[in-house]
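The data block below is protein.txt; it holds compact mmCIF, C-alpha atoms.
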# COMPACT_ATOMS: atom_id res chain seq x y z
CA MET A 1330 0.00 0.00 0.00
CA ALA A 1331 1.23 3.50 -0.86
CA ASP A 1332 2.25 5.82 1.97
CA ASN A 1333 -0.21 8.57 2.85
CA ARG A 1334 0.57 11.44 0.51
CA GLY A 1335 -1.76 13.94 2.16
CA HIS A 1336 -5.36 15.07 1.96
CA LEU A 1337 -7.35 16.08 -1.11
CA ILE A 1338 -10.79 17.40 -2.06
CA PRO A 1339 -11.97 16.41 -5.55
CA MET A 1340 -13.89 19.36 -7.03
CA TYR A 1341 -16.12 19.30 -10.09
CA VAL A 1342 -17.45 22.18 -12.14
CA VAL A 1343 -20.53 20.87 -13.96
CA ALA A 1344 -21.54 23.50 -16.51
CA ASP A 1345 -24.56 23.73 -18.78
CA GLU A 1346 -23.48 23.54 -22.45
CA SER A 1347 -26.99 23.57 -23.92
CA GLY A 1348 -27.75 25.77 -26.91
CA SER A 1349 -28.96 28.67 -24.77
CA MET A 1350 -25.50 28.97 -23.21
CA ASN A 1351 -23.76 29.59 -26.53
CA PRO A 1352 -23.60 33.41 -26.19
CA TYR A 1353 -22.07 33.16 -22.73
CA LEU A 1354 -19.44 30.45 -22.95
CA GLY A 1355 -16.77 33.04 -23.71
CA GLU A 1356 -17.32 34.59 -20.30
CA LEU A 1357 -17.35 31.18 -18.64
CA ASN A 1358 -14.12 30.10 -20.30
CA ALA A 1359 -12.47 33.41 -19.42
CA GLY A 1360 -13.64 33.01 -15.84
CA LEU A 1361 -12.19 29.53 -15.57
CA SER A 1362 -8.90 30.78 -16.98
CA SER A 1363 -8.88 33.48 -14.31
CA LEU A 1364 -9.59 30.82 -11.68
CA HIS A 1365 -6.59 28.86 -12.93
CA ARG A 1366 -4.30 31.87 -12.67
CA ALA A 1367 -5.55 32.61 -9.17
CA LEU A 1368 -4.96 29.03 -8.01
CA LEU A 1369 -1.40 29.14 -9.36
CA GLY A 1370 -0.87 32.06 -6.99
CA GLU A 1371 -2.19 29.97 -4.07
CA PRO A 1372 -0.06 26.81 -4.25
CA MET A 1373 -0.94 25.66 -0.73
CA ALA A 1374 -4.65 25.69 -1.58
CA ALA A 1375 -4.13 24.28 -5.08
CA ALA A 1376 -2.17 21.35 -3.66
CA LYS A 1377 -5.29 20.18 -1.79
CA VAL A 1378 -7.60 20.15 -4.81
CA ARG A 1379 -8.04 17.89 -7.79
CA PHE A 1380 -10.13 19.67 -10.37
CA SER A 1381 -12.52 18.33 -13.00
CA VAL A 1382 -14.71 20.13 -15.55
CA LEU A 1383 -17.78 18.49 -17.09
CA GLY A 1384 -20.09 20.05 -19.65
CA PHE A 1385 -23.61 18.79 -20.18
CA SER A 1386 -26.44 19.23 -22.66
CA ASN A 1387 -28.11 16.12 -24.08
CA ASP A 1388 -25.15 14.15 -22.76
CA VAL A 1389 -21.95 14.85 -20.86
CA GLU A 1390 -18.46 15.71 -22.04
CA VAL A 1391 -15.51 15.45 -19.66
CA ARG A 1392 -13.42 18.52 -20.43
CA MET A 1393 -10.87 17.99 -17.66
CA ARG A 1394 -10.42 15.10 -15.24
CA LEU A 1395 -8.73 15.07 -11.83
CA ALA A 1396 -6.20 17.75 -12.65
CA ASP A 1397 -3.63 19.20 -10.30
CA LEU A 1398 -3.98 22.75 -11.55
CA ARG A 1399 -0.36 23.52 -10.65
CA ASP A 1400 0.65 21.15 -13.45
CA GLU A 1401 -1.70 22.52 -16.12
CA ASP A 1402 -0.73 25.12 -18.70
CA GLU A 1403 -4.34 26.09 -19.33
CA LEU A 1404 -7.90 24.95 -18.69
CA PRO A 1405 -10.06 23.32 -21.36
CA GLN A 1406 -12.63 25.23 -23.35
CA LEU A 1407 -16.32 24.60 -22.78
CA VAL A 1408 -18.23 24.48 -26.07
CA THR A 1409 -21.79 23.92 -27.21
CA TYR A 1410 -23.17 22.17 -30.24
CA GLY A 1411 -26.75 23.01 -29.29
CA GLY A 1412 -28.88 20.51 -27.50
CA ALA A 1413 -31.15 20.54 -24.49
CA THR A 1414 -30.51 20.45 -20.74
CA SER A 1415 -30.31 16.92 -19.36
CA TYR A 1416 -29.85 17.04 -15.61
CA ARG A 1417 -30.35 13.28 -15.71
CA ALA A 1418 -27.25 12.82 -17.86
CA ALA A 1419 -25.22 15.10 -15.59
CA PHE A 1420 -26.10 13.23 -12.41
CA GLN A 1421 -25.66 9.81 -13.99
CA ALA A 1422 -22.19 10.81 -15.19
CA LEU A 1423 -21.22 12.03 -11.73
CA SER A 1424 -22.55 8.83 -10.13
CA ALA A 1425 -20.29 6.79 -12.38
CA ARG A 1426 -17.24 9.05 -12.26
CA ILE A 1427 -16.90 10.16 -8.65
CA PRO A 1428 -16.49 6.66 -7.09
CA GLN A 1429 -13.85 5.86 -9.74
CA ASP A 1430 -12.01 9.11 -9.04
CA VAL A 1431 -12.09 8.60 -5.28
CA ALA A 1432 -10.78 5.05 -5.65
CA GLU A 1433 -8.00 6.24 -7.96
CA LEU A 1434 -6.84 8.95 -5.57
CA LYS A 1435 -6.95 6.59 -2.61
CA GLY A 1436 -4.95 4.09 -4.65
CA GLU A 1437 -2.30 6.78 -5.11
CA GLY A 1438 -2.04 7.09 -1.33
CA TYR A 1439 -4.18 10.14 -0.62
CA THR A 1440 -6.80 10.62 2.06
CA VAL A 1441 -9.84 11.85 0.14
CA TYR A 1442 -12.43 14.15 1.66
CA ARG A 1443 -15.99 14.44 0.42
CA PRO A 1444 -16.03 15.72 -3.16
CA ALA A 1445 -17.67 19.03 -4.05
CA VAL A 1446 -19.73 19.78 -7.14
CA PHE A 1447 -20.37 23.32 -8.40
CA PHE A 1448 -23.36 23.06 -10.72
CA LEU A 1449 -24.19 25.91 -13.13
CA SER A 1450 -27.27 26.07 -15.39
CA ASP A 1451 -29.15 28.80 -17.22
CA GLY A 1452 -32.43 26.93 -17.68
CA GLN A 1453 -34.84 24.26 -16.66
CA PRO A 1454 -34.11 20.52 -16.99
CA ASN A 1455 -35.62 18.73 -19.97
CA PRO A 1456 -39.42 18.50 -19.62
CA GLY A 1457 -40.65 15.12 -18.44
CA GLU A 1458 -37.16 13.81 -17.75
CA ASP A 1459 -36.67 11.80 -14.56
CA TRP A 1460 -33.58 13.23 -12.95
CA ASP A 1461 -34.64 12.72 -9.34
CA GLY A 1462 -33.65 9.04 -9.39
CA PRO A 1463 -30.08 9.59 -10.62
CA TYR A 1464 -29.75 12.56 -8.27
CA ARG A 1465 -30.84 10.52 -5.25
CA GLN A 1466 -28.36 7.79 -6.13
CA LEU A 1467 -25.56 10.33 -6.53
CA THR A 1468 -26.18 11.95 -3.15
CA ASP A 1469 -27.00 8.79 -1.17
CA ARG A 1470 -23.93 8.04 0.92
CA SER A 1471 -25.04 4.44 1.39
CA ARG A 1472 -25.10 3.85 -2.38
CA THR A 1473 -22.38 6.07 -3.85
CA THR A 1474 -18.81 6.16 -2.61
CA GLY A 1475 -17.86 9.81 -2.27
CA ALA A 1476 -21.43 11.09 -2.57
CA PRO A 1477 -20.69 14.79 -3.04
CA ASN A 1478 -21.68 18.06 -1.53
CA ILE A 1479 -23.40 20.05 -4.29
CA ALA A 1480 -23.68 23.82 -4.66
CA ALA A 1481 -26.13 24.97 -7.34
CA PHE A 1482 -26.00 28.26 -9.24
CA GLY A 1483 -28.86 29.29 -11.51
CA ILE A 1484 -28.63 32.06 -14.08
CA GLY A 1485 -31.04 33.33 -16.71
CA GLU A 1486 -34.22 31.27 -16.73
CA ALA A 1487 -33.12 28.85 -14.02
CA ASP A 1488 -35.79 28.27 -11.38
CA PRO A 1489 -34.91 28.91 -7.70
CA ALA A 1490 -36.92 25.86 -6.59
CA THR A 1491 -34.92 23.66 -8.96
CA MET A 1492 -31.63 25.00 -7.64
CA LEU A 1493 -32.81 24.16 -4.12
CA ARG A 1494 -33.53 20.60 -5.24
CA VAL A 1495 -30.03 20.29 -6.72
CA ALA A 1496 -28.05 21.75 -3.81
CA THR A 1497 -27.38 19.38 -0.92
CA ASN A 1498 -27.61 22.29 1.53
CA GLN A 1499 -30.20 25.03 1.05
CA GLU A 1500 -27.55 27.62 1.87
CA TRP A 1501 -25.63 26.47 -1.21
CA ALA A 1502 -28.43 27.22 -3.72
CA PHE A 1503 -28.20 30.56 -5.54
CA VAL A 1504 -29.90 32.33 -8.43
CA SER A 1505 -28.85 35.46 -10.26
CA ILE A 1506 -30.85 38.60 -9.59
CA PRO A 1507 -33.65 38.99 -12.18
CA GLY A 1508 -32.68 41.22 -15.08
CA ALA A 1509 -28.97 40.83 -14.40
CA ASP A 1510 -26.67 40.47 -17.40
CA ILE A 1511 -25.99 36.75 -17.80
CA GLY A 1512 -22.41 37.22 -18.96
CA ALA A 1513 -21.67 39.37 -15.92
CA ALA A 1514 -23.38 36.82 -13.65
CA ILE A 1515 -21.12 34.09 -15.04
CA THR A 1516 -18.07 36.23 -14.35
CA LYS A 1517 -19.24 36.71 -10.76
CA PHE A 1518 -19.87 32.97 -10.46
CA CYS A 1519 -16.29 32.23 -11.49
CA SER A 1520 -14.95 34.80 -9.04
CA ALA A 1521 -16.93 33.26 -6.17
CA LEU A 1522 -15.89 29.78 -7.28
CA THR A 1523 -12.24 30.84 -7.11
CA THR A 1524 -12.71 32.15 -3.58
CA SER A 1525 -14.52 28.96 -2.54
CA ILE A 1526 -11.79 26.70 -3.90
CA VAL A 1527 -8.98 28.71 -2.33
CA SER A 1528 -10.78 28.91 1.02
CA SER A 1529 -11.65 25.21 1.01
CA GLY A 1530 -8.10 24.23 0.08
CA LEU A 1531 -6.59 26.41 2.79
CA SER A 1532 -9.11 25.01 5.29
CA LEU A 1533 -7.96 21.50 4.47
CA ALA A 1534 -4.31 22.55 4.60
CA SER A 1535 -4.86 23.86 8.13
CA GLY A 1536 -6.29 20.53 9.26
CA ASP A 1537 -10.01 21.15 8.73
CA ALA A 1538 -12.25 19.68 6.07
CA GLU A 1539 -14.73 22.47 5.60
CA LEU A 1540 -16.32 23.18 2.22
CA VAL A 1541 -16.59 26.94 1.79
CA VAL A 1542 -19.29 28.11 -0.64
CA ASP A 1543 -19.43 31.84 -1.32
CA ARG A 1544 -22.50 33.64 -2.66
CA PRO A 1545 -21.48 35.39 -5.88
CA GLU A 1546 -22.05 39.10 -6.16
CA GLY A 1547 -25.26 39.65 -8.13
CA PHE A 1548 -26.80 36.41 -6.86
CA ARG A 1549 -29.24 35.76 -4.05
CA MET A 1550 -30.04 32.68 -2.06
CA ALA A 1551 -32.70 30.58 -3.76
CA ILE A 1552 -34.45 29.91 -0.45
CA ASP A 1553 -35.25 33.64 -0.21
CA VAL A 1554 -37.28 33.69 -3.42
CA VAL A 1555 -39.27 30.43 -3.52
Before we go any further, please render this structure as structure tokens.
Amino acid sequence: MADNRGHLIPMYVVADESGSMNPYLGELNAGLSSLHRALLGEPMAAAKVRFSVLGFSNDVEVRMRLADLRDEDELPQLVTYGGATSYRAAFQALSARIPQDVAELKGEGYTVYRPAVFFLSDGQPNPGEDWDGPYRQLTDRSRTTGAPNIAAFGIGEADPATMLRVATNQEWAFVSIPGADIGAAITKFCSALTTSIVSSGLSLASGDAELVVDRPEGFRMAIDVV
């Protein structure tokens, strides 16, 4: 067995790549690039995180998997080829991937803390699609190894009640303020995500295992508007 190499938090950005997101992916990609630069300036925090990026529409594309951002020259680009908004596909993909990722990191000798998912969508899930079942499996700690904490961020036409259903803690469900510019909201999301990752990584480095989720500027808590 490998020696203990330290403690890690696997973190996943799960971003809507449906057709409606096409005008805003430039802001999202720029925001993720800014996140990368910020993490390079916080090596103690970055050392505690393994970072993945998944895009979803009708299905799921893994844009980056279990990366140590200190070793990456740049982050991948999110793209859209149209398509709808399958929450079911997103949660099924996470249910399959997270246990594999946790097992891989443990096999490399790390102690792995509960993964965190940052979920971003600008619309409603596909009408009539059963996503509750895959979601329950993903978040059931008796069924899924590494069942994650999930923070949900809704922009545009996203429904506050849906974001509350996605987040595993009602204090981690946010929606952008009505009428706010979506591109600007995405930029604020990326800024808050950066702060959350740095704070969570530093918390783990100091011996805690606290997930820090910041409310982005221009967002409000979903629980306040349902």
Glu1403 of chain A environment, 12 Å, only C-alpha atoms, sequence neighbours closer than 5 positions dropped, as a VMD selection string: chain A and resid 1358 to 1359 1361 to 1366 1368 to 1369 1392 to 1393 1396 to 1398
Interatomic distance (Å, one decimal) between atom CA of Met1550 of chain A and atom CA of Ala1514 of chain A: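 These atoms are spaced 14.0 Å apart.
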Protein and nucleic acid residues near (-4.9, 17.1, 1.2) (cut-off 10 Å, only C-alpha atoms) as a ChimeraX atom specification: /A:1333-1339,1373-1379,1439-1442,1530-1538
Residue nearest Gly1483 of chain A among A:Pro1456, A:Ala1418, A:Asp1543, A:Asp1345 (counting only C-alpha atoms):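 Nearest to Gly1483 of chain A: A:Asp1345.
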Interatomic distance, atom CA of Ala1487 of chain A to atom CA of Asp1451 of chain A (Å, one decimal): 5.1 Å
Shell around Gly1457 of chain A at 12 Å using all atoms listed in the file, local window under 4 positions removed, as number ranges by chain: A: 1414-1417, 1453, 1461
Long-range neighbours of Leu1540 of chain A as a list in words, 8 Å cut-off, only C-alpha atoms, 2 positions minimum in chain: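 Returned residues: Ala1445, Ser1525, Ser1529, Ala1538 and Val1542 of chain A.
Counting from atom CA of Arg1472 of chain A, the distance to atom CA of Pro1428 of chain A is 10.2 Å.
Residue nearest Pro1372 of chain A, chosen from A:Asp1400, A:Gly1508, A:Phe1482, A:Gly1411 and counting all atoms listed in the file: A:Asp1400.
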Contacts of Gln1499 of chain A at 9 Å (only C-alpha atoms; same-chain gap of 4+ positions) as a list in words: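 The neighbour list is Ala1480, Met1492, Leu1493, Arg1494, Phe1503, Met1550, Ala1551 and Ile1552 of chain A.
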Residue nearest Ala1481 of chain A among A:Lys1517, A:Arg1544, A:Arg1394, A:Arg1399 (counting all atoms listed in the file): A:Arg1544
Please provide as a short mmCIF file (atom, residue, chain, number, x, y, z; two decimals) with C-alpha atoms, in the coordinates of the input all residues within 12 Å of Gly1360 of chain A, with the sequence filter that same-chain residues fewer than 5 positions apart are discarded (counting all atoms listed in the file).
data_model
loop_
_atom_site.label_atom_id
_atom_site.label_comp_id
_atom_site.auth_asym_id
_atom_site.auth_seq_id
_atom_site.Cartn_x
_atom_site.Cartn_y
_atom_site.Cartn_z
CA TYR A 1353 -22.07 33.16 -22.73
CA LEU A 1354 -19.44 30.45 -22.95
CA GLY A 1355 -16.77 33.04 -23.71
CA HIS A 1365 -6.59 28.86 -12.93
CA ARG A 1366 -4.30 31.87 -12.67
CA ALA A 1367 -5.55 32.61 -9.17
CA LEU A 1404 -7.90 24.95 -18.69
CA PRO A 1405 -10.06 23.32 -21.36
CA GLN A 1406 -12.63 25.23 -23.35
CA LEU A 1407 -16.32 24.60 -22.78
CA GLY A 1512 -22.41 37.22 -18.96
CA ALA A 1513 -21.67 39.37 -15.92
CA ALA A 1514 -23.38 36.82 -13.65
CA ILE A 1515 -21.12 34.09 -15.04
CA THR A 1516 -18.07 36.23 -14.35
CA LYS A 1517 -19.24 36.71 -10.76
CA PHE A 1518 -19.87 32.97 -10.46
CA CYS A 1519 -16.29 32.23 -11.49
CA SER A 1520 -14.95 34.80 -9.04
CA ALA A 1521 -16.93 33.26 -6.17
CA LEU A 1522 -15.89 29.78 -7.28
CA THR A 1523 -12.24 30.84 -7.11
#
Residue nearest Thr1497 of chain A - candidates A:Pro1477, A:Pro1545, A:Gly1452, A:Gly1462, atoms counted: all atoms listed in the file: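 Among A:Pro1477, A:Pro1545, A:Gly1452, A:Gly1462, it is A:Pro1477 that comes nearest to Thr1497 of chain A.
Among the candidate residues A:Asp1402, A:Glu1346, A:Glu1356, A:Glu1437, the one lying nearest to Asp1388 of chain A is A:Glu1346, with distances computed using all atoms listed in the file.
Around the point (-38.4, 28.5, -7.5), within 7 Å and counting only C-alpha atoms, we find these residues: A:Asp1488, A:Pro1489, A:Ala1490, A:Thr1491, A:Val1554, A:Val1555.
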Give me the box for segment 1472-1476 of chain A as lines of an AutoDock Vina configuration file, namely the centre and edge lengths in Å to one decimal of a box along x, y and z that holds every listed atom plus 3 Å on each side.
center_x = -21.5
center_y = 7.5
center_z = -3.1
size_x = 13.2
size_y = 13.2
size_z = 7.6
Top pick for closest residue to Phe1380 of chain A, considering A:Met1340, A:Val1495, A:Ile1427, A:Ala1502 and counting all atoms listed in the file: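 Comparing A:Met1340, A:Val1495, A:Ile1427, A:Ala1502 against Phe1380 of chain A, the winner is A:Met1340.
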Rebuild segment 1492-1503 of chain A to all heavy atoms - output it as a tab-separated table (two decimals), in the frame of the given file, please.
chain	number	residue	atom	x	y	z
A	1492	MET	N	-32.96	24.89	-8.23
A	1492	MET	CA	-31.63	25.00	-7.64
A	1492	MET	C	-31.62	24.47	-6.21
A	1492	MET	O	-30.66	23.84	-5.77
A	1492	MET	CB	-31.13	26.44	-7.69
A	1492	MET	CG	-30.89	26.99	-9.08
A	1492	MET	SD	-29.67	26.05	-10.05
A	1492	MET	CE	-30.74	25.11	-11.16
A	1493	LEU	N	-32.70	24.70	-5.48
A	1493	LEU	CA	-32.81	24.16	-4.12
A	1493	LEU	C	-32.85	22.65	-4.14
A	1493	LEU	O	-32.33	21.99	-3.23
A	1493	LEU	CB	-34.05	24.72	-3.43
A	1493	LEU	CG	-33.91	26.10	-2.80
A	1493	LEU	CD1	-35.27	26.64	-2.40
A	1493	LEU	CD2	-32.98	26.07	-1.59
A	1494	ARG	N	-33.49	22.07	-5.13
A	1494	ARG	CA	-33.53	20.60	-5.24
A	1494	ARG	C	-32.16	20.03	-5.58
A	1494	ARG	O	-31.83	18.90	-5.19
A	1494	ARG	CB	-34.55	20.18	-6.30
A	1494	ARG	CG	-35.99	20.41	-5.90
A	1494	ARG	CD	-36.93	20.19	-7.06
A	1494	ARG	NE	-36.88	18.82	-7.56
A	1494	ARG	CZ	-37.44	18.42	-8.70
A	1494	ARG	NH1	-38.06	19.30	-9.48
A	1494	ARG	NH2	-37.36	17.15	-9.07
A	1495	VAL	N	-31.35	20.78	-6.30
A	1495	VAL	CA	-30.03	20.29	-6.72
A	1495	VAL	C	-29.01	20.42	-5.58
A	1495	VAL	O	-28.21	19.50	-5.35
A	1495	VAL	CB	-29.55	21.04	-7.97
A	1495	VAL	CG1	-28.09	20.69	-8.28
A	1495	VAL	CG2	-30.44	20.72	-9.17
A	1496	ALA	N	-29.03	21.53	-4.87
A	1496	ALA	CA	-28.05	21.75	-3.81
A	1496	ALA	C	-28.30	20.79	-2.65
A	1496	ALA	O	-29.45	20.53	-2.28
A	1496	ALA	CB	-28.13	23.19	-3.33
A	1497	THR	N	-27.24	20.29	-2.06
A	1497	THR	CA	-27.38	19.38	-0.92
A	1497	THR	C	-27.51	20.14	0.40
A	1497	THR	O	-27.74	19.52	1.44
A	1497	THR	CB	-26.17	18.42	-0.85
A	1497	THR	OG1	-24.96	19.18	-0.87
A	1497	THR	CG2	-26.19	17.45	-2.02
A	1498	ASN	N	-27.39	21.43	0.37
A	1498	ASN	CA	-27.61	22.29	1.53
A	1498	ASN	C	-28.31	23.53	1.00
A	1498	ASN	O	-27.85	24.14	0.03
A	1498	ASN	CB	-26.26	22.65	2.17
A	1498	ASN	CG	-26.38	23.52	3.41
A	1498	ASN	OD1	-27.23	24.40	3.50
A	1498	ASN	ND2	-25.50	23.28	4.37
A	1499	GLN	N	-29.44	23.92	1.59
A	1499	GLN	CA	-30.20	25.03	1.05
A	1499	GLN	C	-29.41	26.33	1.04
A	1499	GLN	O	-29.71	27.24	0.26
A	1499	GLN	CB	-31.50	25.22	1.82
A	1499	GLN	CG	-31.36	25.69	3.24
A	1499	GLN	CD	-32.71	25.88	3.93
A	1499	GLN	OE1	-33.70	25.26	3.55
A	1499	GLN	NE2	-32.76	26.72	4.95
A	1500	GLU	N	-28.38	26.42	1.87
A	1500	GLU	CA	-27.55	27.62	1.87
A	1500	GLU	C	-26.55	27.63	0.72
A	1500	GLU	O	-25.83	28.62	0.53
A	1500	GLU	CB	-26.81	27.73	3.20
A	1500	GLU	CG	-27.74	27.95	4.39
A	1500	GLU	CD	-27.00	28.13	5.69
A	1500	GLU	OE1	-25.75	28.02	5.69
A	1500	GLU	OE2	-27.67	28.39	6.71
A	1501	TRP	N	-26.52	26.55	-0.06
A	1501	TRP	CA	-25.63	26.47	-1.21
A	1501	TRP	C	-26.40	26.55	-2.53
A	1501	TRP	O	-25.88	26.14	-3.58
A	1501	TRP	CB	-24.83	25.16	-1.18
A	1501	TRP	CG	-23.93	25.03	0.01
A	1501	TRP	CD1	-23.48	26.01	0.84
A	1501	TRP	CD2	-23.35	23.81	0.49
A	1501	TRP	NE1	-22.66	25.49	1.81
A	1501	TRP	CE2	-22.56	24.14	1.63
A	1501	TRP	CE3	-23.42	22.48	0.09
A	1501	TRP	CZ2	-21.85	23.18	2.35
A	1501	TRP	CZ3	-22.71	21.53	0.81
A	1501	TRP	CH2	-21.93	21.87	1.92
A	1502	ALA	N	-27.61	27.06	-2.51
A	1502	ALA	CA	-28.43	27.22	-3.72
A	1502	ALA	C	-28.59	28.71	-3.99
A	1502	ALA	O	-29.10	29.46	-3.15
A	1502	ALA	CB	-29.78	26.56	-3.54
A	1503	PHE	N	-28.20	29.14	-5.20
A	1503	PHE	CA	-28.20	30.56	-5.54
A	1503	PHE	C	-28.81	30.77	-6.92
A	1503	PHE	O	-28.71	29.90	-7.80
A	1503	PHE	CB	-26.77	31.11	-5.55
A	1503	PHE	CG	-25.99	30.83	-4.30
A	1503	PHE	CD1	-25.15	29.73	-4.20
A	1503	PHE	CD2	-26.10	31.68	-3.21
A	1503	PHE	CE1	-24.43	29.48	-3.05
A	1503	PHE	CE2	-25.38	31.43	-2.03
A	1503	PHE	CZ	-24.55	30.33	-1.96
